[in-house]
Amino acid sequence: MNQILPESLIAKLFPNDLPSAEEWKEKYPQRKLPEGAMVTRLGPSPTGLMHLGGVYASLISERFAHQTNGVFFLRIEDTDEARSQPETTEVIVKSLDFFNIPVDEGMTVSGEEKGNYGPYTQSARAKLYQTFAKQLIEQGKAYPCFCTPEETNTLGEQQMKEGIRPGYYGKWAKWRDASPEEVEAELSKGTPYVIRLRSNGDFEHKIKVHDLLKGDLELSENDIDKKIFVPATGLPRYHLAHVIDDHFMGTTHVLRGDEWLSSVPLHLELFEALGWKPPEYGHLAPIQKTEDGSKKRKLSKRKDPEANAMLYQEEGFPSESVVEYLLNLANSDFEDWRKANPEKDNREFSLTFERLARSNGPLLDFVKLNDVSKEIVSKMSAAEIYDRGLSWAKQYHPKLAEEMEKDPDYTKNALNIEREGAPRPRKDIGTWSDLYAETGYFFDPIFQNQEPVSDELFGAAKDDAGAIVNAFFETFNENDTKDEWFEKIKEIGRKLGYADGAKAYKLEPEKYKGQVGDVAKIFRVLLTGKTNTPDLYSIMKVMGKERVMERLKRVL
Ligand code: GLU
């Protein structure tokens, strides 16, 4: 029989003005949602940066909620006062905003909360937890424990030494069956204490658990008398807070990192102890990276800069590129869907639990992310690239911003080469920072700052560079059409012994010094400092005669 403490003693453990369980039920009524609607949430602990895995979990949770006309909310889990850094809440909110993951309830960027199930920060919900911690004690399902942390540590060490599974359970749970007198004596001495679950579980007994992602599992029942509440802070530990909050906030599907999988038996026991129906659980495998080229490991918050969600903003990835990439990682059939629906908004894609990455964590691959991003940027208009690139550059690359802004039309024209309406739009921009490397040469100060062009870059026509430019000066007309212009380049080449095209050159290589591409390369390298650029005619057009002449002159 569970030891039930007398009411007079329990009254000493909690404030006497706690609302009743009934009152809480009235305050947080069941949600009225359409059949099948999912209520999901992100419950981050504000303990540092926003992990990419947090964005991944939010994205998946948010999509499931919204594709079923449900609700996605954000709850800040700050009950561990020692580890919480309140300023991180802002980082979390801003990350979700940056990645366009809409939150229906919880903290917003304006710094105000929305939603009817709040407050959405656990430290502001103390009374709610107290009502139920008290109820558990009243029902003999929890009890105060006066062990010091040193005592429980020593217990664990002792158990390990003896080859026993460590933990505060069964006969090692010293305060589990303490008499009211013993409890009273410690209370009157003012001994600090915690409240523990009085577990009825049997570790040898397995329970069947269906995980939305990992499938049917058999897990040992929980038998640990876990700490669930810390009176000194007035707050619960994570496990109790999770159960109470997800009950009252109406969460139907808990999607969280699989480090919590082993806690499911404890959580189910707590739901049962409180008489509530548990949500469905889906445990997400963590995003991984490869180390030393092959070994896979979990992305680490401390070791890997790419674990920081804000890094992607700093690097200049458009947020939708990261989202699109994360969907690729999440759902195995997203890529096929995208191929079949190149123009559709990815919101039209429905995630399914069956296709969600399961036991093996998806592998983060920057090359792939960049490719996904280049594809997305290639569909943007020059004006959009200008606006978004500039706003990024203002924050992270002032030099680029300064140049882009000097003559917005010039910049937009440069960005528009082989873009809007082009049969195959350019795919050279994956991040806004690529604007510097890929289009920086349009701006004189940036161009002048580039590495001086080495002769090597000129290629086969290197020795004729001066002659080519001289001949060009004689015939250049800014108003030439592309065909006229190209004819002139060919003519210059012919006179100097270059074939009209690669084919002609291949047939009789001994006859020529090279071909027209080699001639064009002289212009390309002189104008841009690069051997690979978009269409040369368009570049000259955008740069204008004066700039073109100025740059070509250097070779003479
Ligand atoms: N606060 C927990 C964490 O940050 C959340 C776990 C959950 O989603 O239930 O890991």
# chains A, B, ... in the order shown; residues from 1 in each chain; ligands from 1

$ residues_near_ligand --ligand "ligand 1" --cutoff "6 Å" --atoms "only C-alpha atoms and all ligand atoms" --output "list in words"
Leu42, Gly43, Pro44, Ser45, Glu77 and Arg256 of chain A

$ residues_around --residues "region 160-169 of chain A" --least-positions-apart "3" --cutoff "10 Å" --atoms "only C-alpha atoms" --output "list in words"
Thr152, Asn153, Thr154, Leu155, Gly156, Glu157, Trp172, Ala173, Lys174, Trp175, Arg176, Arg196, Leu197, Arg198, Ser199, Asn200, Gly201, Asn222, Asp223, Ile224, Asp225, Lys226 and Lys227 of chain A

$ residues_around --residues "Tyr117 (chain A)" --least-positions-apart "6" --cutoff "9 Å" --atoms "only C-alpha atoms" --output "VMD selection string"
chain A and resid 27 to 29 105 to 106 248 to 250

$ closest_residue --among "A:Ala330, A:Leu219, A:Val254, A:Val71" --to "Tyr56 (chain A)" --atoms "only C-alpha atoms"
A:Ala330

$ closest_residue --among "A:Phe317, A:Phe99, A:Phe353, A:Tyr386" --to "Thr439 (chain A)" --atoms "only C-alpha atoms"
A:Tyr386

$ closest_residue --among "A:Asn413, A:Ser373, A:Gln515, A:Thr108" --to "Leu496 (chain A)" --atoms "only C-alpha atoms"
A:Gln515

$ closest_residue --among "A:Arg41, A:Lys394, A:Lys545, A:Lys171" --to "Ser61 (chain A)" --atoms "only C-alpha atoms"
A:Arg41

$ closest_residue --among "A:Asp463, A:Gln448, A:Lys511, A:Thr131" --to "Pro15 (chain A)" --atoms "only C-alpha atoms"
A:Thr131

$ closest_residue --among "A:Lys513, A:Lys127, A:Lys462, A:Arg75" --to "Arg494 (chain A)" --atoms "only C-alpha atoms"
A:Lys513

$ decode --residues "region 74-205 of chain A" --atoms "C-alpha atoms" --output "PDB file, in the first residue's frame"
ATOM      1  CA  LEU A  74       6.206  27.095 -29.535  1.00  0.00           C
ATOM      2  CA  ARG A  75       6.762  26.432 -25.865  1.00  0.00           C
ATOM      3  CA  ILE A  76       9.889  27.589 -24.137  1.00  0.00           C
ATOM      4  CA  GLU A  77      11.065  24.904 -21.718  1.00  0.00           C
ATOM      5  CA  ASP A  78      13.067  26.829 -19.191  1.00  0.00           C
ATOM      6  CA  THR A  79      12.449  24.896 -15.992  1.00  0.00           C
ATOM      7  CA  ASP A  80      16.129  24.130 -15.596  1.00  0.00           C
ATOM      8  CA  GLU A  81      17.050  27.520 -14.201  1.00  0.00           C
ATOM      9  CA  ALA A  82      20.742  26.733 -13.989  1.00  0.00           C
ATOM     10  CA  ARG A  83      20.982  26.096 -17.718  1.00  0.00           C
ATOM     11  CA  SER A  84      18.454  28.557 -19.100  1.00  0.00           C
ATOM     12  CA  GLN A  85      19.583  31.700 -20.869  1.00  0.00           C
ATOM     13  CA  PRO A  86      16.483  33.828 -21.370  1.00  0.00           C
ATOM     14  CA  GLU A  87      18.042  35.798 -24.243  1.00  0.00           C
ATOM     15  CA  THR A  88      18.107  32.592 -26.285  1.00  0.00           C
ATOM     16  CA  THR A  89      14.321  32.708 -26.558  1.00  0.00           C
ATOM     17  CA  GLU A  90      14.729  35.622 -28.924  1.00  0.00           C
ATOM     18  CA  VAL A  91      17.227  33.645 -30.993  1.00  0.00           C
ATOM     19  CA  ILE A  92      14.735  30.779 -31.279  1.00  0.00           C
ATOM     20  CA  VAL A  93      11.842  33.026 -32.243  1.00  0.00           C
ATOM     21  CA  LYS A  94      13.948  34.873 -34.797  1.00  0.00           C
ATOM     22  CA  SER A  95      15.213  31.644 -36.345  1.00  0.00           C
ATOM     23  CA  LEU A  96      11.698  30.341 -36.840  1.00  0.00           C
ATOM     24  CA  ASP A  97      10.776  33.669 -38.352  1.00  0.00           C
ATOM     25  CA  PHE A  98      13.830  33.650 -40.642  1.00  0.00           C
ATOM     26  CA  PHE A  99      12.995  30.161 -41.898  1.00  0.00           C
ATOM     27  CA  ASN A 100       9.364  31.166 -42.358  1.00  0.00           C
ATOM     28  CA  ILE A 101       8.056  28.504 -40.036  1.00  0.00           C
ATOM     29  CA  PRO A 102       4.797  30.032 -38.879  1.00  0.00           C
ATOM     30  CA  VAL A 103       3.961  29.586 -35.225  1.00  0.00           C
ATOM     31  CA  ASP A 104       0.258  29.718 -34.346  1.00  0.00           C
ATOM     32  CA  GLU A 105       0.782  30.127 -30.635  1.00  0.00           C
ATOM     33  CA  GLY A 106       3.609  31.138 -28.370  1.00  0.00           C
ATOM     34  CA  MET A 107       6.230  33.853 -28.353  1.00  0.00           C
ATOM     35  CA  THR A 108       6.368  36.047 -31.450  1.00  0.00           C
ATOM     36  CA  VAL A 109       9.077  38.306 -32.883  1.00  0.00           C
ATOM     37  CA  SER A 110       7.315  41.324 -31.440  1.00  0.00           C
ATOM     38  CA  GLY A 111       8.131  39.909 -28.007  1.00  0.00           C
ATOM     39  CA  GLU A 112       4.492  39.194 -27.247  1.00  0.00           C
ATOM     40  CA  GLU A 113       2.799  35.854 -26.871  1.00  0.00           C
ATOM     41  CA  LYS A 114      -0.293  34.772 -28.747  1.00  0.00           C
ATOM     42  CA  GLY A 115      -2.657  31.862 -28.152  1.00  0.00           C
ATOM     43  CA  ASN A 116      -5.188  30.736 -25.546  1.00  0.00           C
ATOM     44  CA  TYR A 117      -3.171  28.030 -23.850  1.00  0.00           C
ATOM     45  CA  GLY A 118      -0.407  30.193 -22.442  1.00  0.00           C
ATOM     46  CA  PRO A 119       1.706  31.331 -20.909  1.00  0.00           C
ATOM     47  CA  TYR A 120       3.963  29.472 -23.312  1.00  0.00           C
ATOM     48  CA  THR A 121       7.049  29.720 -21.164  1.00  0.00           C
ATOM     49  CA  GLN A 122       7.218  27.016 -18.551  1.00  0.00           C
ATOM     50  CA  SER A 123       8.682  29.146 -15.788  1.00  0.00           C
ATOM     51  CA  ALA A 124       5.490  31.225 -15.976  1.00  0.00           C
ATOM     52  CA  ARG A 125       3.281  28.171 -15.419  1.00  0.00           C
ATOM     53  CA  ALA A 126       4.462  27.234 -11.920  1.00  0.00           C
ATOM     54  CA  LYS A 127       1.016  27.139 -10.314  1.00  0.00           C
ATOM     55  CA  LEU A 128      -0.299  24.707 -12.894  1.00  0.00           C
ATOM     56  CA  TYR A 129       2.478  22.256 -12.188  1.00  0.00           C
ATOM     57  CA  GLN A 130       2.090  22.693  -8.448  1.00  0.00           C
ATOM     58  CA  THR A 131      -1.568  21.731  -8.557  1.00  0.00           C
ATOM     59  CA  PHE A 132      -0.702  18.426 -10.144  1.00  0.00           C
ATOM     60  CA  ALA A 133       2.470  17.710  -8.175  1.00  0.00           C
ATOM     61  CA  LYS A 134       0.281  18.141  -5.122  1.00  0.00           C
ATOM     62  CA  GLN A 135      -2.405  15.897  -6.543  1.00  0.00           C
ATOM     63  CA  LEU A 136       0.131  13.150  -7.139  1.00  0.00           C
ATOM     64  CA  ILE A 137       1.263  13.365  -3.527  1.00  0.00           C
ATOM     65  CA  GLU A 138      -2.317  13.349  -2.292  1.00  0.00           C
ATOM     66  CA  GLN A 139      -2.907  10.172  -4.234  1.00  0.00           C
ATOM     67  CA  GLY A 140       0.269   8.554  -2.955  1.00  0.00           C
ATOM     68  CA  LYS A 141       1.779   8.612  -6.461  1.00  0.00           C
ATOM     69  CA  ALA A 142       4.608  10.916  -5.483  1.00  0.00           C
ATOM     70  CA  TYR A 143       6.498  11.728  -2.321  1.00  0.00           C
ATOM     71  CA  PRO A 144       9.061  14.125  -0.922  1.00  0.00           C
ATOM     72  CA  CYS A 145      12.652  12.936  -0.866  1.00  0.00           C
ATOM     73  CA  PHE A 146      15.216  14.580   1.374  1.00  0.00           C
ATOM     74  CA  CYS A 147      18.338  12.934  -0.021  1.00  0.00           C
ATOM     75  CA  THR A 148      21.144  15.318  -0.802  1.00  0.00           C
ATOM     76  CA  PRO A 149      22.608  15.227  -4.321  1.00  0.00           C
ATOM     77  CA  GLU A 150      25.766  13.726  -2.770  1.00  0.00           C
ATOM     78  CA  GLU A 151      23.730  10.909  -1.303  1.00  0.00           C
ATOM     79  CA  THR A 152      22.122   9.998  -4.611  1.00  0.00           C
ATOM     80  CA  ASN A 153      25.521  10.195  -6.341  1.00  0.00           C
ATOM     81  CA  THR A 154      27.053   7.865  -3.784  1.00  0.00           C
ATOM     82  CA  LEU A 155      24.122   5.527  -4.177  1.00  0.00           C
ATOM     83  CA  GLY A 156      24.694   5.365  -7.941  1.00  0.00           C
ATOM     84  CA  GLU A 157      28.420   4.727  -7.513  1.00  0.00           C
ATOM     85  CA  GLN A 158      27.756   2.034  -4.951  1.00  0.00           C
ATOM     86  CA  GLN A 159      25.241   0.320  -7.233  1.00  0.00           C
ATOM     87  CA  MET A 160      27.684   0.384 -10.129  1.00  0.00           C
ATOM     88  CA  LYS A 161      30.385  -1.115  -7.972  1.00  0.00           C
ATOM     89  CA  GLU A 162      28.076  -3.930  -7.018  1.00  0.00           C
ATOM     90  CA  GLY A 163      27.032  -4.465 -10.612  1.00  0.00           C
ATOM     91  CA  ILE A 164      23.502  -3.288  -9.970  1.00  0.00           C
ATOM     92  CA  ARG A 165      21.534  -1.066 -12.377  1.00  0.00           C
ATOM     93  CA  PRO A 166      21.995   2.423 -10.910  1.00  0.00           C
ATOM     94  CA  GLY A 167      19.122   4.658  -9.925  1.00  0.00           C
ATOM     95  CA  TYR A 168      16.730   5.703  -7.235  1.00  0.00           C
ATOM     96  CA  TYR A 169      14.240   2.876  -7.315  1.00  0.00           C
ATOM     97  CA  GLY A 170      12.840  -0.064  -5.358  1.00  0.00           C
ATOM     98  CA  LYS A 171      14.624  -0.709  -2.131  1.00  0.00           C
ATOM     99  CA  TRP A 172      17.190   2.003  -2.878  1.00  0.00           C
ATOM    100  CA  ALA A 173      14.503   4.627  -2.884  1.00  0.00           C
ATOM    101  CA  LYS A 174      15.180   5.675   0.662  1.00  0.00           C
ATOM    102  CA  TRP A 175      12.280   8.079   1.137  1.00  0.00           C
ATOM    103  CA  ARG A 176       9.693   6.102  -0.742  1.00  0.00           C
ATOM    104  CA  ASP A 177       8.171   4.594   2.332  1.00  0.00           C
ATOM    105  CA  ALA A 178       9.180   7.146   4.931  1.00  0.00           C
ATOM    106  CA  SER A 179       6.634   7.706   7.664  1.00  0.00           C
ATOM    107  CA  PRO A 180       4.775  11.004   8.025  1.00  0.00           C
ATOM    108  CA  GLU A 181       6.785  11.592  11.204  1.00  0.00           C
ATOM    109  CA  GLU A 182      10.084  11.276   9.370  1.00  0.00           C
ATOM    110  CA  VAL A 183       8.871  13.659   6.666  1.00  0.00           C
ATOM    111  CA  GLU A 184       7.567  16.085   9.265  1.00  0.00           C
ATOM    112  CA  ALA A 185      10.917  16.022  11.103  1.00  0.00           C
ATOM    113  CA  GLU A 186      12.897  16.941   7.951  1.00  0.00           C
ATOM    114  CA  LEU A 187      10.424  19.626   7.005  1.00  0.00           C
ATOM    115  CA  SER A 188      10.670  21.262  10.359  1.00  0.00           C
ATOM    116  CA  LYS A 189      14.474  21.247  10.080  1.00  0.00           C
ATOM    117  CA  GLY A 190      14.095  22.981   6.729  1.00  0.00           C
ATOM    118  CA  THR A 191      15.956  20.236   4.844  1.00  0.00           C
ATOM    119  CA  PRO A 192      15.819  20.858   1.109  1.00  0.00           C
ATOM    120  CA  TYR A 193      13.879  18.218  -0.788  1.00  0.00           C
ATOM    121  CA  VAL A 194      12.547  17.198  -4.156  1.00  0.00           C
ATOM    122  CA  ILE A 195       9.369  15.426  -5.138  1.00  0.00           C
ATOM    123  CA  ARG A 196       9.708  12.036  -6.736  1.00  0.00           C
ATOM    124  CA  LEU A 197       7.323   9.857  -8.656  1.00  0.00           C
ATOM    125  CA  ARG A 198       6.472   6.708  -6.735  1.00  0.00           C
ATOM    126  CA  SER A 199       6.890   4.357  -9.658  1.00  0.00           C
ATOM    127  CA  ASN A 200       4.864   1.181  -9.864  1.00  0.00           C
ATOM    128  CA  GLY A 201       6.803  -0.076 -12.860  1.00  0.00           C
ATOM    129  CA  ASP A 202       8.677  -3.329 -13.184  1.00  0.00           C
ATOM    130  CA  PHE A 203      11.909  -3.041 -15.139  1.00  0.00           C
ATOM    131  CA  GLU A 204      11.730  -6.713 -16.131  1.00  0.00           C
ATOM    132  CA  HIS A 205       8.354  -6.118 -17.718  1.00  0.00           C
TER     133      HIS A 205
END
